[in-house]
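Shown here: final_34.cif, mmCIF, C-alpha atoms and all ligand atoms.
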```
data_coords
#
loop_
_atom_site.label_atom_id
_atom_site.label_comp_id
_atom_site.auth_asym_id
_atom_site.auth_seq_id
_atom_site.Cartn_x
_atom_site.Cartn_y
_atom_site.Cartn_z
CA MET A 1040 -153.00 40.66 127.35
CA PHE A 1041 -153.07 41.97 130.89
CA THR A 1042 -153.24 45.71 131.37
CA PRO A 1043 -150.71 47.10 133.84
CA SER A 1044 -153.44 47.21 136.46
CA GLY A 1045 -154.32 43.60 135.76
CA THR A 1046 -158.00 44.34 135.34
CA ALA A 1047 -158.28 43.11 131.77
CA LYS A 1048 -160.32 39.98 131.22
CA ASP A 1049 -158.14 36.93 130.64
CA ALA A 1050 -159.63 36.09 127.25
CA ALA A 1051 -160.46 38.79 124.73
CA LYS A 1052 -163.31 37.04 122.93
CA MET A 1053 -164.83 34.32 125.06
CA ARG A 1054 -167.15 31.73 123.54
CA ILE A 1055 -168.99 29.86 126.24
CA CYS A 1056 -170.78 26.52 125.92
CA ASP A 1057 -174.43 27.25 126.70
CA VAL A 1058 -174.99 24.00 128.55
CA VAL A 1059 -173.38 22.79 131.75
CA TRP A 1060 -173.24 19.20 133.02
CA HIS A 1061 -174.77 19.04 136.50
CA ASP A 1062 -174.96 15.86 138.57
CA GLY A 1063 -175.58 13.71 135.50
CA GLU A 1064 -177.78 16.05 133.44
CA PHE A 1065 -177.22 18.89 131.02
CA ILE A 1066 -178.71 22.19 132.13
CA LYS A 1067 -178.61 25.67 130.65
CA TRP A 1068 -175.59 27.85 131.45
CA ASP A 1069 -177.96 30.43 132.96
CA ASP A 1070 -179.42 27.84 135.33
CA ALA A 1071 -176.05 26.77 136.76
CA ARG A 1072 -176.31 28.73 140.02
CA VAL A 1073 -175.67 28.27 143.75
CA HIS A 1074 -177.11 29.74 146.95
CA VAL A 1075 -174.96 32.49 148.51
CA MET A 1076 -174.93 30.59 151.80
CA SER A 1077 -173.33 27.54 150.19
CA HIS A 1078 -170.47 26.11 152.25
CA VAL A 1079 -168.04 26.51 149.35
CA LEU A 1080 -168.44 30.29 149.20
CA HIS A 1081 -167.57 30.73 152.85
CA TYR A 1082 -164.98 28.04 153.48
CA GLY A 1083 -163.44 27.32 150.06
CA SER A 1084 -164.65 23.71 149.97
CA SER A 1085 -164.21 22.85 146.30
CA VAL A 1086 -161.95 20.76 144.12
CA PHE A 1087 -161.72 21.30 140.40
CA GLU A 1088 -159.87 20.58 137.18
CA GLY A 1089 -158.79 22.48 134.10
CA ILE A 1090 -158.59 20.51 130.86
CA ARG A 1091 -157.94 21.62 127.29
CA CYS A 1092 -159.67 20.31 124.24
CA TYR A 1093 -157.66 20.99 121.07
CA LYS A 1094 -158.71 21.56 117.48
CA THR A 1095 -157.38 18.77 115.26
CA LYS A 1096 -158.03 17.52 111.74
CA ARG A 1097 -160.08 14.73 113.30
CA GLY A 1098 -162.25 17.20 115.23
CA PRO A 1099 -161.91 18.36 118.82
CA ALA A 1100 -159.62 16.19 120.97
CA ILE A 1101 -159.43 16.38 124.77
CA PHE A 1102 -155.87 16.30 126.10
CA ARG A 1103 -155.13 13.67 128.76
CA LEU A 1104 -158.73 13.51 129.91
CA ARG A 1105 -158.40 10.42 132.11
CA GLU A 1106 -155.32 11.73 133.90
CA HIS A 1107 -157.14 14.97 134.70
CA MET A 1108 -160.18 13.09 135.95
CA GLN A 1109 -158.01 10.82 138.06
CA ARG A 1110 -156.48 13.91 139.70
CA PHE A 1111 -160.01 15.26 140.18
CA LEU A 1112 -160.98 12.06 142.00
CA ASN A 1113 -157.78 12.19 144.04
CA SER A 1114 -158.46 15.79 145.09
CA ALA A 1115 -161.98 14.82 146.18
CA LYS A 1116 -160.60 11.88 148.17
CA VAL A 1117 -158.15 14.09 150.08
CA TYR A 1118 -161.04 16.31 151.15
CA ARG A 1119 -163.27 13.34 152.08
CA MET A 1120 -165.83 14.23 149.44
CA GLU A 1121 -167.74 10.99 149.11
CA HIS A 1122 -169.69 10.55 145.91
CA ASP A 1123 -170.69 7.85 143.46
CA TRP A 1124 -169.15 9.28 140.31
CA THR A 1125 -166.62 7.15 138.46
CA ILE A 1126 -163.80 8.24 136.23
CA ASP A 1127 -165.81 7.02 133.24
CA ASP A 1128 -168.82 9.13 134.28
CA PHE A 1129 -166.66 12.25 134.31
CA CYS A 1130 -164.86 11.40 131.08
CA ASP A 1131 -168.10 10.59 129.26
CA ALA A 1132 -169.75 13.76 130.56
CA SER A 1133 -166.84 15.87 129.29
CA VAL A 1134 -166.90 14.27 125.85
CA GLU A 1135 -170.64 14.81 125.59
CA LEU A 1136 -170.31 18.41 126.78
CA VAL A 1137 -167.74 19.23 124.11
CA ARG A 1138 -169.94 17.57 121.50
CA ARG A 1139 -172.90 19.67 122.56
CA SER A 1140 -170.82 22.85 122.72
CA GLU A 1141 -170.11 22.92 118.96
CA LEU A 1142 -166.72 24.39 119.87
CA ASP A 1143 -163.68 23.23 117.89
CA GLN A 1144 -161.48 23.83 120.88
CA CYS A 1145 -162.19 24.71 124.48
CA TYR A 1146 -161.21 24.62 128.11
CA ILE A 1147 -163.20 22.22 130.30
CA ARG A 1148 -163.79 23.01 133.97
CA PRO A 1149 -165.15 20.24 136.25
CA ILE A 1150 -165.87 21.37 139.83
CA LEU A 1151 -167.09 19.43 142.87
CA PHE A 1152 -168.08 21.42 145.94
CA ARG A 1153 -169.97 21.55 149.20
CA SER A 1154 -173.30 23.19 148.55
CA LEU A 1155 -176.31 24.07 150.74
CA ASP A 1156 -179.25 21.91 151.70
CA GLU A 1157 -181.87 24.67 151.66
CA GLU A 1158 -184.43 22.63 153.60
CA HIS A 1159 -181.96 21.57 156.28
CA PRO A 1160 -179.22 24.19 156.11
CA ALA A 1161 -175.90 23.96 157.94
CA PHE A 1162 -173.57 26.94 158.30
CA GLY A 1163 -170.56 25.76 160.31
CA VAL A 1164 -167.08 24.87 159.15
CA ASN A 1165 -167.86 21.15 159.43
CA PRO A 1166 -168.41 20.26 155.78
CA PHE A 1167 -170.11 16.90 156.28
CA PRO A 1168 -173.74 18.09 156.63
CA ASN A 1169 -173.57 19.88 153.29
CA PRO A 1170 -174.53 18.13 150.05
CA LEU A 1171 -172.01 17.84 147.23
CA ALA A 1172 -172.68 19.38 143.84
CA CYS A 1173 -170.80 18.67 140.67
CA TYR A 1174 -170.71 20.71 137.48
CA ILE A 1175 -168.68 20.69 134.28
CA GLY A 1176 -168.61 23.78 132.10
CA ALA A 1177 -166.64 24.67 128.98
CA TRP A 1178 -165.54 27.76 127.12
CA ASP A 1179 -163.06 28.72 124.45
CA TRP A 1180 -160.03 30.20 126.21
CA GLY A 1181 -157.20 31.94 124.41
CA LYS A 1182 -153.57 32.09 125.41
CA TYR A 1183 -153.58 32.40 129.20
CA LEU A 1184 -150.47 34.57 129.58
CA GLY A 1185 -151.12 36.62 126.44
CA ASP A 1186 -151.03 35.98 122.70
CA GLU A 1187 -147.34 36.78 122.32
CA ALA A 1188 -146.20 34.86 125.39
CA ILE A 1189 -145.84 31.49 123.67
CA ASP A 1190 -143.26 32.89 121.17
CA LYS A 1191 -141.69 35.77 123.00
CA GLY A 1192 -141.87 34.68 126.63
CA VAL A 1193 -143.02 36.50 129.75
CA ASP A 1194 -141.43 38.70 132.39
CA VAL A 1195 -142.00 37.31 135.88
CA CYS A 1196 -140.98 37.89 139.49
CA VAL A 1197 -140.26 35.76 142.51
CA SER A 1198 -143.19 36.28 144.84
CA SER A 1199 -142.87 37.52 148.39
CA TRP A 1200 -145.59 34.95 149.17
CA ASN A 1201 -144.51 31.37 149.81
CA ARG A 1202 -146.34 28.37 148.39
CA LEU A 1203 -148.50 26.32 150.72
CA THR A 1204 -146.82 23.90 153.08
CA PRO A 1205 -147.58 20.19 152.49
CA ASN A 1206 -149.23 19.78 155.87
CA SER A 1207 -151.33 22.93 155.76
CA LEU A 1208 -153.00 22.88 152.37
CA PRO A 1209 -151.78 20.00 150.19
CA ALA A 1210 -150.64 21.29 146.80
CA MET A 1211 -151.23 17.89 145.22
CA ALA A 1212 -154.98 18.34 145.65
CA LYS A 1213 -156.36 20.91 143.23
CA SER A 1214 -158.67 22.64 145.68
CA GLY A 1215 -160.29 26.03 145.32
CA ALA A 1216 -158.78 27.11 148.64
CA ASN A 1217 -155.25 26.69 147.27
CA TYR A 1218 -156.01 29.42 144.79
CA MET A 1219 -156.24 32.07 147.49
CA ASN A 1220 -152.48 31.58 147.77
CA SER A 1221 -152.25 31.68 143.97
CA GLN A 1222 -154.24 34.92 143.93
CA LEU A 1223 -151.82 36.59 146.35
CA ILE A 1224 -148.95 35.57 144.09
CA LYS A 1225 -150.72 36.65 140.91
CA MET A 1226 -151.97 40.00 142.21
CA GLU A 1227 -148.56 40.97 143.56
CA ALA A 1228 -146.99 40.12 140.20
CA LEU A 1229 -149.58 42.09 138.21
CA VAL A 1230 -149.50 45.25 140.32
CA ASN A 1231 -145.72 45.28 139.98
CA GLY A 1232 -145.92 44.97 136.19
CA PHE A 1233 -145.08 41.27 135.79
CA ALA A 1234 -147.12 38.66 133.93
CA GLU A 1235 -146.74 36.02 136.64
CA GLY A 1236 -145.13 35.26 139.98
CA ILE A 1237 -143.03 32.27 141.01
CA ALA A 1238 -143.51 31.11 144.58
CA LEU A 1239 -140.82 29.52 146.71
CA ASP A 1240 -141.70 26.69 149.07
CA ASP A 1241 -141.49 27.10 152.86
CA ARG A 1242 -137.76 26.15 152.77
CA GLY A 1243 -136.94 28.76 150.13
CA TYR A 1244 -136.69 26.39 147.18
CA VAL A 1245 -138.47 27.11 143.91
CA SER A 1246 -142.01 25.74 143.88
CA GLU A 1247 -144.23 26.89 140.99
CA GLY A 1248 -146.13 29.76 139.40
CA SER A 1249 -149.61 30.76 140.57
CA GLY A 1250 -151.10 28.45 137.95
CA GLU A 1251 -148.14 26.70 136.29
CA ASN A 1252 -145.28 24.33 136.99
CA ILE A 1253 -141.79 25.55 136.18
CA PHE A 1254 -138.80 24.08 134.32
CA VAL A 1255 -135.19 25.26 134.54
CA VAL A 1256 -132.78 24.40 131.71
CA SER A 1257 -129.09 24.53 132.65
CA ASN A 1258 -126.16 23.07 130.71
CA GLY A 1259 -128.51 21.07 128.50
CA ILE A 1260 -130.30 19.43 131.45
CA VAL A 1261 -133.99 20.09 132.07
CA ASN A 1262 -134.79 20.39 135.79
CA THR A 1263 -138.10 20.77 137.61
CA PRO A 1264 -138.97 20.96 141.33
CA PRO A 1265 -140.12 17.67 142.89
CA LEU A 1266 -143.64 17.21 144.26
CA SER A 1267 -142.13 17.69 147.73
CA SER A 1268 -141.64 21.37 146.85
CA SER A 1269 -145.43 21.82 147.13
CA VAL A 1270 -146.19 21.71 143.44
CA LEU A 1271 -149.36 20.54 141.78
CA PRO A 1272 -148.64 17.23 140.00
CA GLY A 1273 -149.24 18.94 136.67
CA ILE A 1274 -150.49 16.90 133.74
CA THR A 1275 -148.55 19.20 131.40
CA ARG A 1276 -145.51 18.78 133.68
CA ASP A 1277 -145.82 15.03 133.25
CA SER A 1278 -146.22 15.53 129.48
CA VAL A 1279 -143.04 17.65 129.38
CA ILE A 1280 -141.15 14.95 131.29
CA LYS A 1281 -142.29 12.36 128.74
CA ILE A 1282 -141.56 14.66 125.78
CA CYS A 1283 -138.01 15.17 127.13
CA GLY A 1284 -137.68 11.37 127.09
CA GLU A 1285 -138.79 11.30 123.45
CA LEU A 1286 -136.30 14.05 122.59
CA GLY A 1287 -133.46 12.29 124.42
CA LEU A 1288 -133.11 15.18 126.88
CA THR A 1289 -132.00 14.54 130.45
CA ILE A 1290 -134.74 15.53 132.88
CA LYS A 1291 -134.24 15.78 136.63
CA GLU A 1292 -136.68 16.44 139.46
CA ARG A 1293 -134.70 18.24 142.14
CA ALA A 1294 -134.81 21.06 144.63
CA ILE A 1295 -133.95 24.33 142.88
CA GLN A 1296 -132.58 27.44 144.58
CA ARG A 1297 -133.99 30.85 143.74
CA ALA A 1298 -130.61 32.02 142.38
CA ALA A 1299 -130.58 29.09 139.94
CA LEU A 1300 -133.49 30.81 138.18
CA TYR A 1301 -131.39 33.91 137.47
CA VAL A 1302 -128.43 32.00 136.01
CA ALA A 1303 -130.45 29.42 134.06
CA ASP A 1304 -129.93 29.12 130.31
CA GLU A 1305 -133.68 28.80 129.76
CA LEU A 1306 -136.83 28.81 131.87
CA PHE A 1307 -140.38 27.92 130.99
CA PHE A 1308 -143.78 27.36 132.57
CA SER A 1309 -146.02 24.39 131.88
CA GLY A 1310 -149.75 24.17 132.51
CA THR A 1311 -153.07 23.42 130.87
CA ALA A 1312 -153.91 27.11 130.59
CA ALA A 1313 -150.35 28.40 129.99
CA GLU A 1314 -149.33 25.36 127.86
CA ILE A 1315 -145.54 25.78 127.37
CA THR A 1316 -144.67 29.44 127.99
CA PRO A 1317 -141.05 30.64 127.93
CA ILE A 1318 -139.85 33.00 130.68
CA ARG A 1319 -137.55 35.75 129.44
CA SER A 1320 -136.79 37.52 132.72
CA VAL A 1321 -137.11 37.00 136.46
CA ASP A 1322 -137.04 40.02 138.79
CA ARG A 1323 -135.88 42.02 135.73
CA ILE A 1324 -132.82 39.79 135.31
CA THR A 1325 -132.63 38.55 131.72
CA ILE A 1326 -132.69 34.78 131.34
CA GLY A 1327 -130.24 33.49 128.71
CA ASN A 1328 -130.47 35.76 125.67
CA GLY A 1329 -133.90 37.08 126.70
CA ARG A 1330 -135.70 35.01 124.10
CA ARG A 1331 -137.26 31.59 123.94
CA GLY A 1332 -134.41 29.10 124.24
CA ASP A 1333 -133.67 26.27 121.77
CA ILE A 1334 -134.57 23.46 124.17
CA THR A 1335 -137.79 25.22 125.21
CA GLU A 1336 -138.68 25.61 121.54
CA LYS A 1337 -138.07 21.92 120.81
CA ILE A 1338 -140.26 20.85 123.73
CA GLN A 1339 -142.91 23.40 122.81
CA ASN A 1340 -142.95 22.28 119.16
CA MET A 1341 -143.37 18.63 120.09
CA PHE A 1342 -146.08 19.53 122.60
CA PHE A 1343 -148.11 21.47 120.02
CA GLU A 1344 -147.57 18.79 117.35
CA ILE A 1345 -149.00 16.25 119.78
CA THR A 1346 -151.92 18.40 120.93
CA SER A 1347 -152.86 19.22 117.33
CA GLY A 1348 -152.88 15.50 116.53
CA GLU A 1349 -150.04 15.85 113.98
CA ARG A 1350 -147.64 13.68 115.94
CA GLN A 1351 -148.21 10.43 117.79
CA ALA A 1352 -148.17 11.03 121.55
CA PRO A 1353 -146.11 8.79 123.85
CA GLY A 1354 -149.43 7.46 125.23
CA ASP A 1355 -153.20 7.68 124.64
CA TRP A 1356 -153.20 11.40 125.23
CA LEU A 1357 -156.00 12.54 122.93
CA THR A 1358 -159.69 11.65 123.23
CA TYR A 1359 -161.33 12.45 119.90
CA VAL A 1360 -164.76 13.78 120.71
CA ARG A 1361 -166.59 13.30 117.46
CA GLU A 1362 -164.86 10.20 116.18
CA GLU A 1363 -166.91 7.02 115.96
CA ALA A 1364 -169.98 9.03 116.94
CA LYS A 1365 -172.88 9.12 114.50
CA VAL A 1366 -172.86 12.80 113.77
CA GLY A 1367 -176.14 14.33 112.65
CA ASN A 1368 -176.76 17.48 110.59
CA ASN A 1369 -176.47 19.68 113.63
CA GLY A 1370 -173.07 18.22 114.47
CA PHE A 1371 -174.37 16.27 117.48
CA LYS A 1372 -174.40 12.55 117.94
CA ALA A 1373 -177.99 11.38 117.74
CA GLU A 1374 -179.36 10.41 121.16
CA SER A 1375 -176.01 10.82 122.79
CA LYS A 1376 -176.13 9.80 126.41
CA VAL A 1377 -173.94 10.52 129.37
CA GLY A 1378 -172.61 7.25 130.63
CA SER A 1379 -171.90 5.84 127.20
CA SER A 1380 -168.23 5.14 126.80
CA SER A 1381 -168.39 4.36 123.11
CA VAL A 1382 -166.17 7.20 121.99
CA ILE A 1383 -163.68 7.16 124.83
CA GLU A 1384 -160.29 5.80 123.98
CA PRO A 1385 -159.01 2.81 125.96
CA ALA A 1386 -158.06 3.57 129.54
CA THR A 1387 -154.64 5.12 129.78
CA LYS A 1388 -152.37 4.11 132.59
CA LEU A 1389 -153.41 6.36 135.40
CA HIS A 1390 -151.12 9.13 136.46
CA ALA A 1391 -149.15 8.15 139.55
CA ALA A 1392 -150.31 10.24 142.46
CA GLY A 1393 -148.26 12.18 144.86
CA ILE A 1394 -145.05 10.27 145.42
CA LYS A 1395 -141.90 11.14 143.55
C1 LIG B 1401 -150.82 25.88 140.88
C2 LIG B 1401 -150.72 25.15 139.59
N1 LIG B 1401 -149.59 24.49 139.30
C3 LIG B 1401 -149.45 23.81 138.15
C4 LIG B 1401 -150.46 23.78 137.21
C5 LIG B 1401 -150.29 23.00 135.96
O1 LIG B 1401 -151.02 21.81 136.01
P1 LIG B 1401 -151.62 21.16 134.71
O2 LIG B 1401 -150.48 20.98 133.78
O3 LIG B 1401 -152.18 19.87 135.16
O4 LIG B 1401 -152.63 22.08 134.19
C6 LIG B 1401 -151.66 24.45 137.47
C7 LIG B 1401 -152.75 24.43 136.52
O5 LIG B 1401 -153.73 23.76 136.71
C8 LIG B 1401 -151.80 25.14 138.69
O6 LIG B 1401 -152.92 25.81 138.97
#
```
Show how you would write the structure in this file as C-alpha cells.
Ligand SMILES: Cc1ncc(COP(=O)(O)O)c(C=O)c1O
Amino acid sequence: MFTPSGTAKDAAKMRICDVVWHDGEFIKWDDARVHVMSHVLHYGSSVFEGIRCYKTKRGPAIFRLREHMQRFLNSAKVYRMEHDWTIDDFCDASVELVRRSELDQCYIRPILFRSLDEEHPAFGVNPFPNPLACYIGAWDWGKYLGDEAIDKGVDVCVSSWNRLTPNSLPAMAKSGANYMNSQLIKMEALVNGFAEGIALDDRGYVSEGSGENIFVVSNGIVNTPPLSSSVLPGITRDSVIKICGELGLTIKERAIQRAALYVADELFFSGTAAEITPIRSVDRITIGNGRRGDITEKIQNMFFEITSGERQAPGDWLTYVREEAKVGNNGFKAESKVGSSSVIEPATKLHAAGIK
C-alpha cells in the first residue's frame, strides 16, 4: 500500500463518518476544528485511542470498547487531565457515533487534548490554564500495513531510534507526544523501503513497532516483550495472550534480544490498526520460511473468527451497536441519546493497567 517514498495515503478509499462527538454533542465533521494556538499543537498535549468496529452478521460490533476506554481514562490520568467523563459516557458516545455513521465497519478515534481559551488565552508550557476538549471521530480504515500484509507478511527493519524510556515519556499512556518517536521510526523504515520499524528499548531489548506490539515464536513458544520494555499495553496484545490460552499455546512475557528476532521461527505484529500481521523479514534477514508461520496463522484465524462474531470470545469482547436498539427506516435508533447505556454489553473486567 505504501509507495517507496511513503507518501501514499494509508487507506485507498476512505469513508468518513460525517458527524463527530464533541464534549457530549454530535457536530458536523466540518465543524470539528481547533485554534492554531491551541496548547496541543505546540506541546503535544493529547491522549487518544484507536478502536475497531467490525462488520458481523449481527451488525457492526466494537472490539473491546471498555478496555480501550479504560486505557483512554488511564492515559488522561497520567497527564493530569481532569474531566467529568465516565467510561460509560465514552462507550455510549462511541456506540451512538457508529450508529449515526451508517458504516458497517470502522475505526473509532477518541481524543482528549489541551485546547485554547480564546477569551483568556495562555501560551506557556504549563498545561493547566488551558481547557480540555474531547472529540470522537470515525472512518472506515482498510488494512493498515497493506492489503496483502495479513496473508503474506511484511518486511521490516530494526530502527536506529530507541523507544521512549519509562521515565521520560511513559509508553503505557497513549499520548500524542509518544507518536513523534513513532514517526521517527516509521519514516526511517519507509525511506529505506521497509513497511515498518521495530524499536529497541533504552537497554537494547526489543520493544515494539511504531504502532504495533510484537510477538516472537520460537520452538513452539510465543514470546512478547513485557510492559517494562516500554511497550503500549496493547488491547490486541492482551487478546493474543488470551487467544494463545484458548489454543493451548505457551505464552511468555520476557525481555527479547534483537538477535532473537533474526533466528525466530515466526514473528508477527499485533495492533488495532495492524490487527495480526505476520513479519517475513527483519533487516532483510528471512524469518522462518519467509511466509506466515503456522502458529501465527492459527492465532490470526481465531482472532478474525472472534472479531467477525463467528466464534465466542474468551470475554465480552464485542459490543453490538445496533442490537436491542429500535432501528428506524434510516437505520438509526429513534431518539437515540448519548448517555443511554441500553445497548452496551455488561461491563467487562477492566484491563489491568501497567504492571506485569
Ligand atoms: C505504539 C503502539 N504499540 C502498540 C499498539 C497496539 O495497541 P492496540 O492493540 O491496543 O491497538 C499501538 C496501537 O495503538 C501503538 O500505537
_Distance cut-off 9 Å, centre (-145.7, 15.0, 121.6) in file coordinates, counting all atoms listed in the file: which residues qualify? Return them as a list in words._
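Within the cut-off we find Ser1278, Val1279, Lys1281, Ile1282, Glu1285, Ile1338, Gln1339, Asn1340, Met1341, Phe1342, Phe1343, Glu1344, Ile1345, Thr1346, Gly1348, Glu1349, Arg1350, Gln1351, Ala1352 and Pro1353 of chain A.
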Using only C-alpha atoms, please write the residues we just selected to a file, as a PDB file, in the coordinates of the input.
```pdb
ATOM      1  CA  SER A1278    -146.220  15.530 129.480  1.00  0.00           C
ATOM      2  CA  VAL A1279    -143.040  17.650 129.380  1.00  0.00           C
ATOM      3  CA  LYS A1281    -142.290  12.360 128.740  1.00  0.00           C
ATOM      4  CA  ILE A1282    -141.560  14.660 125.780  1.00  0.00           C
ATOM      5  CA  GLU A1285    -138.790  11.300 123.450  1.00  0.00           C
ATOM      6  CA  ILE A1338    -140.260  20.850 123.730  1.00  0.00           C
ATOM      7  CA  GLN A1339    -142.910  23.400 122.810  1.00  0.00           C
ATOM      8  CA  ASN A1340    -142.950  22.280 119.160  1.00  0.00           C
ATOM      9  CA  MET A1341    -143.370  18.630 120.090  1.00  0.00           C
ATOM     10  CA  PHE A1342    -146.080  19.530 122.600  1.00  0.00           C
ATOM     11  CA  PHE A1343    -148.110  21.470 120.020  1.00  0.00           C
ATOM     12  CA  GLU A1344    -147.570  18.790 117.350  1.00  0.00           C
ATOM     13  CA  ILE A1345    -149.000  16.250 119.780  1.00  0.00           C
ATOM     14  CA  THR A1346    -151.920  18.400 120.930  1.00  0.00           C
ATOM     15  CA  GLY A1348    -152.880  15.500 116.530  1.00  0.00           C
ATOM     16  CA  GLU A1349    -150.040  15.850 113.980  1.00  0.00           C
ATOM     17  CA  ARG A1350    -147.640  13.680 115.940  1.00  0.00           C
ATOM     18  CA  GLN A1351    -148.210  10.430 117.790  1.00  0.00           C
ATOM     19  CA  ALA A1352    -148.170  11.030 121.550  1.00  0.00           C
ATOM     20  CA  PRO A1353    -146.110   8.790 123.850  1.00  0.00           C
TER      21      PRO A1353
END
```
*Two-atom distance - CA of Arg1330 (chain A), CA of Lys1182 (chain A) (Å)*: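 Between these atoms lies a distance of 18.2 Å.
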*Hey, what's within 7 Å of Ile1101 (chain A) if we count only C-alpha atoms and toss same-chain stuff fewer than 4 positions away? As number ranges by chain, please?*
A: 1091-1093, 1357-1359
*Could you pull out the residues sitting within 6 Å of ligand LIG 1401 (chain B), using all atoms listed in the file, and write them as an MDAnalysis selection string?*
chainID A and resid 1089 1249:1252 1271 1273:1276 1309:1311
Export of prior selection with C-alpha atoms as a compact mmCIF listing (two decimals), keeping the file's coordinate frame:
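Below you can see part25.txt, which holds the result:
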```txt
# COMPACT_ATOMS: atom_id res chain seq x y z
CA GLY A 1089 -158.79 22.48 134.10
CA SER A 1249 -149.61 30.76 140.57
CA GLY A 1250 -151.10 28.45 137.95
CA GLU A 1251 -148.14 26.70 136.29
CA ASN A 1252 -145.28 24.33 136.99
CA LEU A 1271 -149.36 20.54 141.78
CA GLY A 1273 -149.24 18.94 136.67
CA ILE A 1274 -150.49 16.90 133.74
CA THR A 1275 -148.55 19.20 131.40
CA ARG A 1276 -145.51 18.78 133.68
CA SER A 1309 -146.02 24.39 131.88
CA GLY A 1310 -149.75 24.17 132.51
CA THR A 1311 -153.07 23.42 130.87
```
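If all atoms listed in the file are the atoms counted, then among A:Ser1084, A:Ser1269, A:Asn1165, A:Ser1133 the closest residue to His1107 (chain A) is A:Ser1133.
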Output as a PDB file, in the frame of the given file: region 1320-1340 of chain A, completed with N, CA and C atoms.
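Final output, result_7.pdb:
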```
ATOM      1  N   SER A1320    -137.503  36.854 131.621  1.00  0.00           N
ATOM      2  CA  SER A1320    -136.790  37.520 132.720  1.00  0.00           C
ATOM      3  C   SER A1320    -137.440  37.177 134.043  1.00  0.00           C
ATOM      4  N   VAL A1321    -136.616  37.194 135.091  1.00  0.00           N
ATOM      5  CA  VAL A1321    -137.110  37.000 136.460  1.00  0.00           C
ATOM      6  C   VAL A1321    -136.564  38.140 137.309  1.00  0.00           C
ATOM      7  N   ASP A1322    -137.444  38.863 137.973  1.00  0.00           N
ATOM      8  CA  ASP A1322    -137.040  40.020 138.790  1.00  0.00           C
ATOM      9  C   ASP A1322    -136.183  40.989 137.963  1.00  0.00           C
ATOM     10  N   ARG A1323    -136.550  41.140 136.712  1.00  0.00           N
ATOM     11  CA  ARG A1323    -135.880  42.020 135.730  1.00  0.00           C
ATOM     12  C   ARG A1323    -134.457  41.578 135.401  1.00  0.00           C
ATOM     13  N   ILE A1324    -134.103  40.359 135.745  1.00  0.00           N
ATOM     14  CA  ILE A1324    -132.820  39.790 135.310  1.00  0.00           C
ATOM     15  C   ILE A1324    -133.105  38.954 134.065  1.00  0.00           C
ATOM     16  N   THR A1325    -132.402  39.251 132.984  1.00  0.00           N
ATOM     17  CA  THR A1325    -132.630  38.550 131.720  1.00  0.00           C
ATOM     18  C   THR A1325    -132.186  37.100 131.826  1.00  0.00           C
ATOM     19  N   ILE A1326    -133.028  36.208 131.339  1.00  0.00           N
ATOM     20  CA  ILE A1326    -132.690  34.780 131.340  1.00  0.00           C
ATOM     21  C   ILE A1326    -132.102  34.434 129.967  1.00  0.00           C
ATOM     22  N   GLY A1327    -130.910  33.855 129.973  1.00  0.00           N
ATOM     23  CA  GLY A1327    -130.240  33.490 128.710  1.00  0.00           C
ATOM     24  C   GLY A1327    -130.096  34.722 127.833  1.00  0.00           C
ATOM     25  N   ASN A1328    -130.559  34.597 126.578  1.00  0.00           N
ATOM     26  CA  ASN A1328    -130.470  35.760 125.670  1.00  0.00           C
ATOM     27  C   ASN A1328    -131.774  36.559 125.641  1.00  0.00           C
ATOM     28  N   GLY A1329    -132.660  36.282 126.613  1.00  0.00           N
ATOM     29  CA  GLY A1329    -133.900  37.080 126.700  1.00  0.00           C
ATOM     30  C   GLY A1329    -134.955  36.657 125.708  1.00  0.00           C
ATOM     31  N   ARG A1330    -134.698  35.524 125.053  1.00  0.00           N
ATOM     32  CA  ARG A1330    -135.700  35.010 124.100  1.00  0.00           C
ATOM     33  C   ARG A1330    -135.969  33.548 124.408  1.00  0.00           C
ATOM     34  N   ARG A1331    -136.980  33.015 123.768  1.00  0.00           N
ATOM     35  CA  ARG A1331    -137.260  31.590 123.940  1.00  0.00           C
ATOM     36  C   ARG A1331    -136.017  30.777 123.590  1.00  0.00           C
ATOM     37  N   GLY A1332    -135.609  29.886 124.478  1.00  0.00           N
ATOM     38  CA  GLY A1332    -134.410  29.100 124.240  1.00  0.00           C
ATOM     39  C   GLY A1332    -134.655  27.930 123.295  1.00  0.00           C
ATOM     40  N   ASP A1333    -133.557  27.344 122.771  1.00  0.00           N
ATOM     41  CA  ASP A1333    -133.670  26.270 121.770  1.00  0.00           C
ATOM     42  C   ASP A1333    -134.354  25.030 122.346  1.00  0.00           C
ATOM     43  N   ILE A1334    -133.988  24.681 123.581  1.00  0.00           N
ATOM     44  CA  ILE A1334    -134.570  23.460 124.170  1.00  0.00           C
ATOM     45  C   ILE A1334    -136.062  23.688 124.463  1.00  0.00           C
ATOM     46  N   THR A1335    -136.371  24.869 124.974  1.00  0.00           N
ATOM     47  CA  THR A1335    -137.790  25.220 125.210  1.00  0.00           C
ATOM     48  C   THR A1335    -138.568  25.101 123.912  1.00  0.00           C
ATOM     49  N   GLU A1336    -137.991  25.617 122.832  1.00  0.00           N
ATOM     50  CA  GLU A1336    -138.680  25.610 121.540  1.00  0.00           C
ATOM     51  C   GLU A1336    -138.929  24.176 121.055  1.00  0.00           C
ATOM     52  N   LYS A1337    -137.904  23.319 121.239  1.00  0.00           N
ATOM     53  CA  LYS A1337    -138.070  21.920 120.810  1.00  0.00           C
ATOM     54  C   LYS A1337    -139.195  21.240 121.575  1.00  0.00           C
ATOM     55  N   ILE A1338    -139.216  21.465 122.891  1.00  0.00           N
ATOM     56  CA  ILE A1338    -140.260  20.850 123.730  1.00  0.00           C
ATOM     57  C   ILE A1338    -141.631  21.405 123.355  1.00  0.00           C
ATOM     58  N   GLN A1339    -141.655  22.718 123.173  1.00  0.00           N
ATOM     59  CA  GLN A1339    -142.910  23.400 122.810  1.00  0.00           C
ATOM     60  C   GLN A1339    -143.433  22.870 121.469  1.00  0.00           C
ATOM     61  N   ASN A1340    -142.530  22.756 120.483  1.00  0.00           N
ATOM     62  CA  ASN A1340    -142.950  22.280 119.160  1.00  0.00           C
ATOM     63  C   ASN A1340    -143.554  20.885 119.249  1.00  0.00           C
TER      64      ASN A1340
END
```
